[in-house]
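Notes to accompany the following structure.
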Amino acid sequence: MAVSSLERIALLRDLASEIIAEIELLSTSNPNLIRLRADLINSDKLHIREAWDEETLLRYAYYWLKQNDELRIGWDNAPHHPEVSTHPHHKHVERQENIHESEETKLEDVLRYIKERLQEERRQNE
């Protein structure tokens, strides 16, 4: 049975409800593609795009944007950066051209990373 959008929304709520204000399901004509947008409590956004084959995640793109839509970090596994040791997994940091290795290869990892970063930012602003 294929992974559903509702399962991914439940995962977002379970793992990151303290940083997510709202989750929107975005339309797609492909039944194997999941597209979501999570609005974060600091007004940032997380765009989620996953392509599944039954229970196997084939492709992903998780883009964390500031409230003005500037890139914070974008994680994906498009195979266009063979120079990266974690190929095809990589992340774009602040700019599309700024490519880094990525150990975060699934939504759970990305949510954990964002939660930690937001907690750090809150502590620095106190």
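Going by the structure tokens order, chains are called A, B, ..., each with residues numbered from 1, while ligands are numbered from 1 in the order shown.
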For A:Val84, work out the shell of residues within 9 Å, counting only C-alpha atoms and skipping chain neighbours fewer than 6 positions away, then give it as an mmCIF file with C-alpha atoms, in the first residue's frame.
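around_17.cif written:
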data_model
loop_
_atom_site.group_PDB
_atom_site.id
_atom_site.type_symbol
_atom_site.label_atom_id
_atom_site.label_comp_id
_atom_site.auth_asym_id
_atom_site.auth_seq_id
_atom_site.Cartn_x
_atom_site.Cartn_y
_atom_site.Cartn_z
ATOM 1 C CA HIS A 90 22.663 17.115 -0.774
ATOM 2 C CA ILE A 99 25.800 22.863 -2.257
ATOM 3 C CA HIS A 100 26.712 20.859 0.857
ATOM 4 C CA GLU A 101 26.758 17.208 1.859
ATOM 5 C CA SER A 102 23.585 16.100 3.586
#
Test item: residues at most 7 Å from stretch 103-117 of chain A, only C-alpha atoms, excluding those fewer than 2 positions along its chain, as a VMD selection string: chain A and resid 16 19 89 101 119 to 121
Strand (DSSP E) positions in chain A, given as a PyMOL selection string: chain A and resi 20-25+33-40+45-53+56-65+71-76+90-93+99-101
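Across A:Asn42, A:Asn98, A:Ser29, A:Thr86, the tightest approach to A:Lys66 is made by A:Asn42 when counting only C-alpha atoms.
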Helix (DSSP H, G or I) call set, DSSP backbone run, chain A, as a PyMOL selection string: chain A and resi 5-16+107-125
What would the file look like if the residues just selected were written as a compact mmCIF listing (two decimals), in the first residue's frame with C-alpha atoms?
# COMPACT_ATOMS: atom_id res chain seq x y z
CA SER A 5 -0.58 12.48 2.21
CA LEU A 6 -2.59 11.98 5.39
CA GLU A 7 0.15 9.74 6.81
CA ARG A 8 2.76 12.43 6.10
CA ILE A 9 0.56 15.12 7.68
CA ALA A 10 0.19 12.91 10.77
CA LEU A 11 3.97 12.52 10.89
CA LEU A 12 4.43 16.30 10.71
CA ARG A 13 1.98 16.76 13.59
CA ASP A 14 3.54 13.98 15.67
CA LEU A 15 7.16 15.09 15.25
CA ALA A 16 6.92 18.84 14.98
CA LEU A 107 11.43 14.19 6.43
CA GLU A 108 12.01 13.04 10.00
CA ASP A 109 15.68 14.16 9.81
CA VAL A 110 14.75 17.53 8.34
CA LEU A 111 12.11 18.19 10.99
CA ARG A 112 14.59 17.33 13.75
CA TYR A 113 17.16 19.69 12.20
CA ILE A 114 14.70 22.57 11.85
CA LYS A 115 13.42 22.12 15.42
CA GLU A 116 16.98 22.28 16.76
CA ARG A 117 17.82 25.37 14.71
CA LEU A 118 14.65 27.19 15.79
CA GLN A 119 15.37 26.34 19.44
CA GLU A 120 18.91 27.73 19.05
CA GLU A 121 17.53 30.93 17.48
CA ARG A 122 15.02 31.35 20.32
CA ARG A 123 17.76 30.94 22.95
CA GLN A 124 19.94 33.52 21.18
CA ASN A 125 17.05 36.01 21.10
Separation of atom CA of A:Arg72 from atom CA of A:Ser17, in Å and rounded to one decimal: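 For atom CA of A:Arg72 relative to atom CA of A:Ser17, the distance reads 20.2 Å.
Minimum atom-to-atom distances from A:Leu57, A:Trp52, A:His47, A:Asn32 to A:Trp75 were compared using only C-alpha atoms, and the lowest value belongs to A:His47.
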A:Asp53 environment, 9 Å, only C-alpha atoms, sequence neighbours closer than 5 positions dropped, as a list in words: Ala2, Val3, Asn32 and Leu58 of chain A
Selected residue of minimal separation from A:Leu33 among A:Glu50, A:Glu18, A:Glu70, A:Glu83, counting only C-alpha atoms: A:Glu50
Surrounding residues of A:Ile20 excluding itself and chain neighbours under 4 positions, 7 Å, only C-alpha atoms, as a list of chain:residue names: A:Ala16, A:Ala38, A:Asp39, A:Leu40, A:Ile41
Write a file of the selected residues as a PDB file, in the first residue's frame, keeping N, CA and C atoms.
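Okay, this is what ended up in selection25.pdb:
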ATOM      1  N   ALA A  16       6.553  17.424  14.982  1.00  0.00           N
ATOM      2  CA  ALA A  16       6.917  18.842  14.982  1.00  0.00           C
ATOM      3  C   ALA A  16       5.748  19.772  15.276  1.00  0.00           C
ATOM      4  N   ALA A  38       4.123  23.412   5.078  1.00  0.00           N
ATOM      5  CA  ALA A  38       3.945  23.626   6.512  1.00  0.00           C
ATOM      6  C   ALA A  38       4.362  25.057   6.829  1.00  0.00           C
ATOM      7  N   ASP A  39       3.437  25.813   7.421  1.00  0.00           N
ATOM      8  CA  ASP A  39       3.763  27.153   7.899  1.00  0.00           C
ATOM      9  C   ASP A  39       4.268  27.007   9.322  1.00  0.00           C
ATOM     10  N   LEU A  40       5.452  27.528   9.567  1.00  0.00           N
ATOM     11  CA  LEU A  40       6.067  27.381  10.880  1.00  0.00           C
ATOM     12  C   LEU A  40       5.675  28.534  11.801  1.00  0.00           C
ATOM     13  N   ILE A  41       5.862  28.337  13.090  1.00  0.00           N
ATOM     14  CA  ILE A  41       5.409  29.333  14.067  1.00  0.00           C
ATOM     15  C   ILE A  41       6.170  30.649  13.974  1.00  0.00           C
TER      16      ILE A  41
END
Separation of atom CA of A:Glu24 from atom CA of A:Ile48, in Å and rounded to one decimal: 10.2 Å
Spatial neighbours of A:Leu25, 8 Å, only C-alpha atoms, chain gap at least 3 places, as a ChimeraX atom specification: /A:5,35-37
Could the residues in this selection be written to a file with C-alpha atoms, as an mmCIF file, in the first residue's frame?
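What follows is the written file result35.cif:
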data_model
loop_
_atom_site.group_PDB
_atom_site.id
_atom_site.type_symbol
_atom_site.label_atom_id
_atom_site.label_comp_id
_atom_site.auth_asym_id
_atom_site.auth_seq_id
_atom_site.Cartn_x
_atom_site.Cartn_y
_atom_site.Cartn_z
ATOM 1 C CA SER A 5 -0.579 12.480 2.207
ATOM 2 C CA ARG A 35 3.103 17.931 -1.919
ATOM 3 C CA LEU A 36 2.628 19.773 1.358
ATOM 4 C CA ARG A 37 3.402 23.170 2.800
#
Exercise: A:Asn68 partners within 10 Å, only C-alpha atoms, chain neighbours under 4 positions left out, as an NGL selection string: :A and (43-45)
A:Arg95, A:Arg49, A:His81, A:His87 ranked by distance to A:Ser27, top pick (using only C-alpha atoms):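 Ranked by minimum distance to A:Ser27, first place goes to A:Arg49.
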